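This is target.txt (compact mmCIF, C-alpha atoms).
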# COMPACT_ATOMS: atom_id res chain seq x y z
CA MET A 1 152.34 175.06 99.98
CA LYS A 2 153.13 173.89 103.52
CA GLY A 3 151.20 171.32 105.52
CA SER A 4 149.07 168.38 104.44
CA VAL A 5 145.75 168.37 102.61
CA ALA A 6 143.45 165.42 101.89
CA ALA A 7 141.30 166.08 98.82
CA ILE A 8 138.35 163.97 97.65
CA ASP A 9 136.76 164.60 94.26
CA THR A 10 134.45 162.90 91.77
CA LEU A 11 135.46 161.65 88.34
CA PRO A 12 133.19 162.26 85.31
CA ASP A 13 131.86 158.67 85.52
CA GLY A 14 130.88 159.10 89.19
CA ARG A 15 133.83 157.27 90.74
CA LYS A 16 135.61 158.79 93.73
CA ILE A 17 139.27 159.81 93.76
CA ALA A 18 141.26 160.84 96.84
CA ALA A 19 144.69 162.46 97.06
CA LEU A 20 147.01 163.33 99.93
CA LEU A 21 149.19 166.37 99.34
CA VAL A 22 152.12 167.02 101.72
CA ASP A 23 154.05 170.27 101.40
CA GLY A 24 152.84 170.58 97.82
CA VAL A 25 153.90 167.03 96.82
CA LEU A 26 151.44 164.30 95.85
CA GLU A 27 152.09 161.79 98.61
CA ASP A 28 149.29 159.28 98.01
CA LEU A 29 146.48 158.65 95.53
CA ILE A 30 143.47 156.32 95.75
CA VAL A 31 141.08 155.80 92.84
CA ASP A 32 137.90 153.71 92.70
CA PRO A 33 138.35 150.98 90.05
CA PRO A 34 136.21 151.15 86.90
CA GLU A 35 132.91 149.29 87.07
CA HIS A 36 133.97 146.76 84.41
CA LEU A 37 136.63 145.36 86.76
CA GLY A 38 133.84 144.07 89.00
CA PRO A 39 133.59 143.69 92.79
CA VAL A 40 136.60 141.37 93.23
CA GLN A 41 138.83 144.04 94.73
CA PRO A 42 141.20 144.05 97.75
CA GLY A 43 139.20 143.94 100.99
CA ALA A 44 135.99 142.53 99.47
CA LEU A 45 134.53 139.58 101.36
CA PHE A 46 132.72 136.67 99.67
CA ARG A 47 130.91 133.47 100.46
CA GLY A 48 132.89 131.22 98.15
CA VAL A 49 132.49 127.67 96.87
CA VAL A 50 135.55 125.47 96.36
CA GLU A 51 135.83 124.47 92.70
CA ARG A 52 138.92 122.34 92.20
CA GLN A 53 142.31 121.73 93.69
CA ILE A 54 145.44 122.53 91.70
CA LYS A 55 148.07 119.86 92.27
CA GLY A 56 151.57 121.21 92.62
CA MET A 57 150.38 124.73 93.50
CA GLY A 58 149.04 123.93 96.96
CA GLY A 59 145.77 125.76 96.46
CA VAL A 60 142.23 125.74 95.10
CA PHE A 61 140.13 127.89 92.83
CA VAL A 62 137.10 129.33 94.60
CA ALA A 63 133.91 130.43 92.83
CA LEU A 64 132.84 133.92 93.97
CA GLY A 65 129.65 134.32 91.92
CA ASP A 66 128.75 135.95 88.60
CA GLY A 67 131.36 133.84 86.82
CA GLN A 68 134.24 135.22 88.90
CA SER A 69 136.77 133.20 90.86
CA GLY A 70 139.79 133.57 93.10
CA PHE A 71 142.74 131.46 94.19
CA LEU A 72 143.19 130.31 97.79
CA ARG A 73 146.63 128.96 98.66
CA ASP A 74 146.00 127.62 102.15
CA ALA A 75 143.64 124.84 101.04
CA LYS A 76 144.40 121.91 103.35
CA GLY A 77 141.27 119.93 104.20
CA LEU A 78 139.03 121.66 101.65
CA ALA A 79 136.87 119.65 99.24
CA PRO A 80 135.08 120.64 96.00
CA GLY A 81 131.61 122.06 96.70
CA GLN A 82 132.51 123.23 100.20
CA THR A 83 131.46 126.78 101.14
CA LEU A 84 133.69 129.13 103.10
CA LEU A 85 134.22 132.83 103.74
CA VAL A 86 137.13 134.34 101.82
CA GLN A 87 138.56 137.84 101.45
CA VAL A 88 140.44 139.33 98.50
CA THR A 89 143.97 140.18 99.63
CA THR A 90 145.53 141.90 96.62
CA ALA A 91 144.64 143.20 93.18
CA ALA A 92 144.68 140.44 90.56
CA GLU A 93 147.19 140.60 87.74
CA PRO A 94 145.66 140.68 84.24
CA GLY A 95 144.46 137.22 83.23
CA LYS A 96 144.92 135.75 86.72
CA ALA A 97 142.52 134.88 89.54
CA ALA A 98 142.39 137.22 92.54
CA PRO A 99 144.46 136.03 95.55
CA LEU A 100 142.23 135.07 98.49
CA THR A 101 142.61 134.37 102.20
CA ALA A 102 140.39 132.58 104.71
CA ARG A 103 141.87 134.68 107.54
CA ILE A 104 139.27 137.43 107.52
CA LEU A 105 139.95 140.98 108.76
CA PHE A 106 137.42 143.72 109.41
CA LYS A 107 139.47 146.90 109.32
CA SER A 108 138.39 150.42 110.23
CA ARG A 109 139.91 153.72 111.33
CA TYR A 110 140.77 152.66 114.87
CA ALA A 111 140.09 148.93 115.04
CA ILE A 112 140.82 145.64 113.28
CA ILE A 113 138.52 142.73 114.19
CA THR A 114 140.08 139.27 113.75
CA PRO A 115 137.49 136.43 113.69
CA GLY A 116 138.80 133.12 114.99
CA ARG A 117 141.79 134.77 116.66
CA ALA A 118 140.55 135.90 120.05
CA GLY A 119 142.47 138.36 122.21
CA LEU A 120 142.83 142.11 122.67
CA ASN A 121 146.01 143.63 121.24
CA LEU A 122 147.40 147.14 120.84
CA SER A 123 149.76 148.35 118.13
CA ARG A 124 153.39 148.15 119.24
CA ARG A 125 153.74 151.78 118.22
CA ILE A 126 151.58 152.71 121.23
CA ARG A 127 154.29 152.95 123.87
CA ASP A 128 152.88 155.28 126.53
CA GLU A 129 151.80 153.03 129.43
CA GLU A 130 148.91 155.24 130.58
CA GLU A 131 147.55 155.37 127.04
CA ARG A 132 147.83 151.60 126.70
CA VAL A 133 145.86 151.13 129.93
CA ARG A 134 143.18 153.63 128.78
CA LEU A 135 142.78 151.96 125.41
CA SER A 136 142.80 148.46 126.91
CA ASP A 137 139.91 149.42 129.19
CA ILE A 138 137.96 150.82 126.22
CA ALA A 139 138.63 147.67 124.21
CA GLU A 140 137.58 145.29 126.98
CA ASP A 141 134.26 147.12 127.48
CA ALA A 142 133.52 147.35 123.75
CA MET A 143 134.35 143.67 123.08
CA GLU A 144 132.56 142.20 126.09
CA GLY A 145 130.66 139.06 125.08
CA SER A 146 132.25 138.89 121.61
CA ASP A 147 133.23 135.24 121.70
CA GLY A 148 135.53 134.09 118.92
CA LEU A 149 136.46 137.63 117.85
CA GLY A 150 139.83 139.25 118.42
CA LEU A 151 140.72 142.94 118.32
CA ILE A 152 143.77 144.97 117.32
CA LEU A 153 143.78 148.69 118.13
CA ARG A 154 145.72 150.75 115.61
CA SER A 155 148.36 153.34 116.51
CA CYS A 156 146.07 156.22 115.51
CA CYS A 157 144.02 155.51 118.66
CA VAL A 158 146.60 157.47 120.65
CA GLY A 159 144.92 160.62 121.95
CA ALA A 160 141.65 159.81 120.18
CA ASP A 161 138.33 160.44 121.87
CA GLY A 162 137.31 157.38 123.88
CA GLU A 163 133.72 157.39 122.64
CA SER A 164 134.87 157.51 119.02
CA VAL A 165 137.19 154.54 119.54
CA ALA A 166 134.51 152.55 121.38
CA SER A 167 131.92 153.32 118.69
CA ASP A 168 134.30 152.26 115.93
CA ILE A 169 135.06 148.98 117.72
CA ALA A 170 131.35 148.30 118.25
CA ASP A 171 130.52 148.95 114.59
CA MET A 172 133.24 146.57 113.39
CA ARG A 173 132.32 143.96 116.01
CA ASP A 174 128.65 143.99 114.96
CA LEU A 175 129.58 143.80 111.26
CA ALA A 176 131.92 140.87 111.89
CA THR A 177 129.36 139.04 114.01
CA ARG A 178 126.67 139.42 111.34
CA ILE A 179 128.84 138.30 108.42
CA MET A 180 130.59 135.43 110.21
CA ALA A 181 127.17 134.01 111.09
CA ASP A 182 126.19 133.93 107.41
CA GLU A 183 124.35 130.67 106.73
CA ASP A 184 121.64 131.85 104.33
CA SER A 185 122.82 129.93 101.31
CA ASP A 186 125.40 127.60 99.83
CA ALA A 187 125.71 129.73 96.69
CA PRO A 188 128.71 132.04 96.14
CA ALA A 189 127.94 135.70 96.83
CA LEU A 190 129.46 139.06 97.69
CA LEU A 191 128.94 139.73 101.41
CA LEU A 192 130.94 142.92 101.88
CA GLU A 193 132.11 145.31 99.17
CA ALA A 194 135.69 146.52 99.04
CA PRO A 195 136.20 149.95 100.62
CA ASP A 196 135.97 152.84 98.16
CA ALA A 197 138.46 155.70 97.83
CA THR A 198 136.65 157.88 100.39
CA GLU A 199 136.58 155.12 103.00
CA LEU A 200 140.21 154.18 102.43
CA ALA A 201 141.33 157.80 102.75
CA TRP A 202 139.37 158.19 106.00
CA ARG A 203 140.76 154.90 107.29
CA GLU A 204 144.41 155.14 106.27
CA TRP A 205 145.39 158.81 106.32
CA VAL A 206 145.30 159.17 110.08
CA ASP A 207 148.86 158.91 111.38
CA PRO A 208 149.37 161.81 111.21
CA ALA A 209 145.97 163.16 110.24
CA PRO A 210 145.90 165.77 107.42
CA ASP A 211 145.88 169.43 108.45
CA GLU A 212 142.96 170.07 106.08
CA VAL A 213 140.31 167.98 104.33
CA ARG A 214 138.61 169.16 101.12
CA ASN A 215 135.77 166.76 100.40
CA ARG A 216 134.06 168.47 97.49
CA ASP A 217 133.93 168.41 93.73
CA GLY A 218 136.52 170.70 92.19
CA SER A 219 139.05 170.26 94.99
CA PHE A 220 141.58 168.63 92.64
CA GLU A 221 141.37 171.63 90.30
CA GLU A 222 141.87 174.01 93.22
CA LEU A 223 145.04 172.18 94.26
CA SER A 224 146.36 171.65 90.70
CA LEU A 225 146.40 167.89 91.30
CA TRP A 226 145.51 166.83 87.76
CA ASP A 227 148.94 167.87 86.46
CA ALA A 228 150.65 165.83 89.18
CA ILE A 229 148.48 162.82 88.32
CA GLU A 230 149.34 163.09 84.62
CA THR A 231 153.02 163.11 85.55
CA ALA A 232 152.50 160.02 87.74
CA LYS A 233 150.98 158.17 84.79
CA GLY A 234 154.38 158.30 83.14
CA PRO A 235 157.50 156.40 84.24
CA ARG A 236 159.75 159.36 85.02
CA GLU A 237 160.22 160.52 88.62
CA ALA A 238 162.40 163.59 89.24
CA LEU A 239 164.92 163.31 92.10
CA GLY A 240 166.41 166.80 92.14
CA GLN A 241 169.69 168.24 90.83
CA GLY A 242 168.89 166.79 87.40
CA ALA A 243 168.75 163.20 88.61
CA TRP A 244 165.71 161.02 87.87
CA MET A 245 164.48 157.46 87.94
CA SER A 246 162.27 155.48 85.59
CA VAL A 247 159.54 153.28 87.12
CA GLU A 248 158.23 150.91 84.45
CA PRO A 249 156.06 147.81 84.89
CA THR A 250 156.61 144.83 82.60
CA ARG A 251 154.69 141.57 82.36
CA ALA A 252 157.08 139.78 84.71
CA LEU A 253 158.34 142.49 87.07
CA LEU A 254 158.64 146.18 87.83
CA ALA A 255 161.88 147.74 86.59
CA VAL A 256 163.36 150.82 88.31
CA ASP A 257 166.32 152.56 86.67
CA VAL A 258 168.21 155.36 88.47
CA ASN A 259 170.01 158.04 86.42
CA THR A 260 172.28 160.89 87.47
CA GLY A 261 171.21 163.18 84.63
CA GLY A 262 173.63 166.01 84.03
CA ASP A 263 175.41 165.67 87.40
CA LEU A 264 179.00 164.61 86.66
CA SER A 265 180.42 165.04 90.16
CA LEU A 266 182.33 162.22 91.85
CA ALA A 267 179.48 161.27 94.21
CA ALA A 268 176.68 161.82 91.66
CA GLY A 269 175.71 158.13 91.51
CA LEU A 270 175.51 157.66 95.26
CA LYS A 271 173.51 160.88 95.74
CA ALA A 272 171.04 159.87 93.02
CA ASP A 273 170.69 156.37 94.48
CA ILE A 274 169.98 157.68 97.98
CA ALA A 275 167.39 160.12 96.62
CA ALA A 276 165.78 157.36 94.54
CA LEU A 277 165.50 154.90 97.43
CA ARG A 278 163.92 157.55 99.63
CA ALA A 279 161.44 158.53 96.91
CA LEU A 280 160.63 155.01 95.72
CA PRO A 281 157.82 154.08 98.18
CA ARG A 282 155.91 157.26 97.35
CA ALA A 283 156.45 156.79 93.60
CA LEU A 284 155.11 153.23 93.79
CA ARG A 285 152.22 154.16 96.06
CA VAL A 286 150.97 156.99 93.82
CA ARG A 287 151.24 154.78 90.72
CA GLY A 288 149.53 151.85 92.45
CA LEU A 289 152.40 149.50 91.60
CA GLY A 290 153.57 146.34 93.33
CA GLY A 291 154.81 142.80 92.75
CA GLN A 292 158.43 141.85 92.04
CA ILE A 293 160.69 144.90 91.76
CA VAL A 294 164.25 145.13 90.44
CA ILE A 295 166.18 148.38 91.02
CA ASP A 296 169.09 149.17 88.70
CA LEU A 297 171.05 151.78 90.66
CA ALA A 298 173.35 154.43 89.25
CA PRO A 299 177.07 153.54 89.58
CA TYR A 300 178.15 153.58 93.24
CA PRO A 301 181.13 152.30 95.27
CA LYS A 302 180.39 148.75 96.43
CA LYS A 303 181.47 149.69 99.96
CA GLU A 304 178.39 151.95 100.17
CA ARG A 305 175.91 149.07 99.90
CA LYS A 306 175.34 149.10 103.65
CA VAL A 307 174.39 152.78 103.53
CA LEU A 308 172.02 152.25 100.61
CA GLU A 309 170.38 149.31 102.32
CA GLN A 310 169.85 151.35 105.51
CA VAL A 311 168.28 154.19 103.52
CA LEU A 312 165.96 151.77 101.73
CA ARG A 313 164.88 149.95 104.90
CA ALA A 314 164.07 153.27 106.61
CA ALA A 315 161.98 154.38 103.62
CA LEU A 316 160.08 151.07 103.50
CA LYS A 317 159.44 151.12 107.25
CA ALA A 318 157.58 154.42 106.89
CA ASP A 319 155.49 153.11 103.99
CA PRO A 320 152.04 151.65 104.86
CA ILE A 321 152.16 149.07 102.05
CA GLU A 322 154.01 145.88 102.92
CA THR A 323 157.29 145.63 100.99
CA SER A 324 160.08 143.10 101.61
CA PHE A 325 163.76 143.62 100.84
CA ALA A 326 164.82 140.40 99.09
CA GLY A 327 168.51 141.25 98.69
CA TRP A 328 171.15 142.09 96.09
CA THR A 329 171.60 140.36 92.74
CA PRO A 330 175.05 139.33 91.43
CA LEU A 331 174.91 142.38 89.14
CA GLY A 332 174.43 144.74 92.09
CA ASN A 333 170.70 145.35 91.62
CA ILE A 334 168.20 145.43 94.48
CA GLU A 335 165.21 143.07 94.56
CA LEU A 336 161.96 143.82 96.42
CA GLN A 337 158.60 142.12 96.78
CA ARG A 338 155.68 144.54 97.25
CA LYS A 339 152.07 143.72 98.06
CA ARG A 340 149.61 144.61 95.26
CA GLU A 341 147.16 146.52 97.43
CA ARG A 342 145.88 148.70 94.57
CA ARG A 343 145.22 148.66 90.87
CA PRO A 344 147.89 150.39 88.75
CA LEU A 345 147.10 154.05 88.08
CA ARG A 346 147.16 153.53 84.31
CA GLU A 347 144.52 150.83 84.77
CA VAL A 348 142.05 152.93 86.76
CA LEU A 349 142.76 156.27 85.00
CA PRO A 350 143.60 155.42 81.36
Same coordinates, now as structure tokens:
Amino acid sequence: MKGSVAAIDTLPDGRKIAALLVDGVLEDLIVDPPEHLGPVQPGALFRGVVERQIKGMGGVFVALGDGQSGFLRDAKGLAPGQTLLVQVTTAAEPGKAAPLTARILFKSRYAIITPGRAGLNLSRRIRDEEERVRLSDIAEDAMEGSDGLGLILRSCCVGADGESVASDIADMRDLATRIMADEDSDAPALLLEAPDATELAWREWVDPAPDEVRNRDGSFEELSLWDAIETAKGPREALGQGAWMSVEPTRALLAVDVNTGGDLSLAAGLKADIAALRALPRALRVRGLGGQIVIDLAPYPKKERKVLEQVLRAALKADPIETSFAGWTPLGNIELQRKRERRPLREVLP
């Protein structure tokens, strides 16, 4: 199957699930979290109340309402009982408070509104000068009179209809203005729900846009996606020519082990390692995994480290989820730090 297809379906409990299929391969998967996990999900915005400072950790716990709380690291000048707007940045690890930020973002398909950080900015990936001028004019008109609000136009604005971009900016600007003016109460409360799977798919799968969109129940069955999802629930990821890697989360970190399989050729280890590093961002994205990552590569000549690092950096650059290359361990393993933007697949689809 050639080309890309975005499919959106409904789970038996009513939750939405979205998948991106590229040339027959499951490239991305977004699942609404189960109801019992509550509204404290990445992107949700709360009116919070500072509870207590944690000495030595440089942060405070913030009450979010309904007995839920989060942890805000940048807590200088905050006092217990103070109210402030906070946004959930990443999925919380089991038994831990959700990470929060006071630097609020209102993100949509074309625009990102940045309260408190005025200025109009365009993605650096927009390089055509005429297009930058066109989009700058649209942005200036749409943001006129929006004091205290900044704007970032995303790269998918290139070639987009001007009215669609302007409408998207206006919607986000009005939403930001309304929420940032919130003064109705001093009690903690949810002000903006986290985006669901449908909204995230519409917002994120735009560069490039899918060739086809199937937004109907039964679309996963039509595309045989359930089998691919069952495979993704397991640790094994095939790499071709018999090679494979194991992607297994532990309590402390995520362990990745690369294996050559039945390939006994001289360059088998290097070939498997290159294939694994190229496939890793997709394997992590589909499984919803992040945090600290240690990669145990198949045996390779030490002189090839530069090549492996270049392959990895190129793969991470193309991945939408922020991942940092931390370096090499004394044993020759690779260490990464990946943002926990999603709940693990095994958590949302047991």
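Minimum atom-to-atom distance to Ile17 of chain A, evaluated using all atoms listed in the file, belongs to A:Ser219 out of A:Thr177, A:Gln68, A:Ser219, A:Ser164.
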* Point (150.4, 161.1, 112.3) neighbourhood (10 Å, all atoms listed in the file) written as an NGL selection string -> :A and (155-156 or 158 or 205-210)
* To do: Could you give me, as a list in words, the residues that sit within 12 Å of (147.3, 151.3, 81.7) in the file's coordinates, counting only C-alpha atoms?
  => Pro94, Ala232, Lys233, Gly234, Pro235, Glu248, Pro249, Thr250, Arg287, Gly288, Leu289, Arg343, Pro344, Leu345, Arg346, Glu347, Val348, Leu349 and Pro350 of chain A
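In terms of minimum interatomic distance to Ala176 of chain A, A:Met143 ranks closest within A:Leu284, A:Ile30, A:Leu223, A:Met143, counting all atoms listed in the file.
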* **Using only C-alpha atoms: which of A:Thr83, A:Ser69, A:Gln292, A:Gln53 has the shortest distance to Asp182 of chain A** =>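 Of A:Thr83, A:Ser69, A:Gln292, A:Gln53, the one nearest Asp182 of chain A is A:Thr83, counting only C-alpha atoms.
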* To do: Rank nothing, just name the residue among A:Pro99, A:Gly242, A:Gly116, A:Pro33 nearest to Lys339 of chain A, using all atoms listed in the file.
  =>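 Answer, going by the shortest atom-to-atom distance: A:Pro99.
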Write segment 271-303 of chain A as a short mmCIF file (atom, residue, chain, number, x, y, z; two decimals), in the coordinates of the input, completed to N, CA and C atoms.
data_model
loop_
_atom_site.label_atom_id
_atom_site.label_comp_id
_atom_site.auth_asym_id
_atom_site.auth_seq_id
_atom_site.Cartn_x
_atom_site.Cartn_y
_atom_site.Cartn_z
N LYS A 271 174.55 159.90 95.37
CA LYS A 271 173.51 160.88 95.74
C LYS A 271 172.19 160.56 95.05
N ALA A 272 172.26 160.21 93.76
CA ALA A 272 171.04 159.87 93.02
C ALA A 272 170.41 158.60 93.58
N ASP A 273 171.22 157.62 93.95
CA ASP A 273 170.69 156.37 94.48
C ASP A 273 169.99 156.59 95.83
N ILE A 274 170.59 157.40 96.69
CA ILE A 274 169.98 157.68 97.98
C ILE A 274 168.64 158.41 97.78
N ALA A 275 168.63 159.39 96.89
CA ALA A 275 167.39 160.12 96.62
C ALA A 275 166.32 159.19 96.04
N ALA A 276 166.73 158.28 95.17
CA ALA A 276 165.78 157.36 94.54
C ALA A 276 165.18 156.40 95.56
N LEU A 277 165.99 155.85 96.44
CA LEU A 277 165.50 154.90 97.43
C LEU A 277 164.55 155.57 98.42
N ARG A 278 164.82 156.83 98.75
CA ARG A 278 163.92 157.55 99.63
C ARG A 278 162.59 157.87 98.95
N ALA A 279 162.65 158.14 97.65
CA ALA A 279 161.44 158.53 96.91
C ALA A 279 160.65 157.33 96.40
N LEU A 280 161.26 156.16 96.37
CA LEU A 280 160.63 155.01 95.72
C LEU A 280 159.28 154.61 96.32
N PRO A 281 159.13 154.48 97.66
CA PRO A 281 157.82 154.08 98.18
C PRO A 281 156.69 155.01 97.76
N ARG A 282 156.95 156.31 97.77
CA ARG A 282 155.91 157.26 97.35
C ARG A 282 155.61 157.10 95.86
N ALA A 283 156.65 156.94 95.04
CA ALA A 283 156.45 156.79 93.60
C ALA A 283 155.62 155.55 93.28
N LEU A 284 155.87 154.46 94.00
CA LEU A 284 155.11 153.23 93.79
C LEU A 284 153.68 153.36 94.30
N ARG A 285 153.54 154.01 95.44
CA ARG A 285 152.22 154.16 96.06
C ARG A 285 151.29 154.99 95.17
N VAL A 286 151.79 156.11 94.67
CA VAL A 286 150.97 156.99 93.82
C VAL A 286 150.61 156.29 92.52
N ARG A 287 151.50 155.48 91.99
CA ARG A 287 151.24 154.78 90.72
C ARG A 287 150.48 153.47 90.92
N GLY A 288 150.27 153.08 92.18
CA GLY A 288 149.53 151.85 92.45
C GLY A 288 150.27 150.60 92.04
N LEU A 289 151.60 150.60 92.12
CA LEU A 289 152.40 149.50 91.60
C LEU A 289 152.93 148.59 92.70
N GLY A 290 153.04 147.31 92.38
CA GLY A 290 153.57 146.34 93.33
C GLY A 290 154.05 145.11 92.59
N GLY A 291 154.30 144.03 93.34
CA GLY A 291 154.81 142.80 92.75
C GLY A 291 156.32 142.69 92.91
N GLN A 292 156.97 141.99 92.00
CA GLN A 292 158.43 141.85 92.04
C GLN A 292 159.08 143.10 91.45
N ILE A 293 160.06 143.64 92.16
CA ILE A 293 160.69 144.90 91.76
C ILE A 293 162.21 144.69 91.68
N VAL A 294 162.79 145.15 90.60
CA VAL A 294 164.25 145.13 90.44
C VAL A 294 164.72 146.57 90.24
N ILE A 295 165.67 147.01 91.08
CA ILE A 295 166.18 148.38 91.02
C ILE A 295 167.60 148.38 90.47
N ASP A 296 167.77 149.01 89.32
CA ASP A 296 169.09 149.17 88.70
C ASP A 296 169.63 150.53 89.13
N LEU A 297 170.52 150.54 90.09
CA LEU A 297 171.05 151.78 90.66
C LEU A 297 172.07 152.43 89.72
N ALA A 298 172.25 153.73 89.93
CA ALA A 298 173.35 154.43 89.25
C ALA A 298 174.67 153.92 89.82
N PRO A 299 175.78 154.05 89.08
CA PRO A 299 177.07 153.54 89.58
C PRO A 299 177.40 154.10 90.97
N TYR A 300 177.83 153.20 91.86
CA TYR A 300 178.15 153.58 93.24
C TYR A 300 179.29 152.68 93.74
N PRO A 301 180.07 153.15 94.70
CA PRO A 301 181.13 152.30 95.27
C PRO A 301 180.50 151.12 96.03
N LYS A 302 180.98 149.93 95.80
CA LYS A 302 180.39 148.75 96.43
C LYS A 302 180.42 148.83 97.95
N LYS A 303 181.38 149.56 98.50
CA LYS A 303 181.47 149.69 99.96
C LYS A 303 180.30 150.47 100.55
#
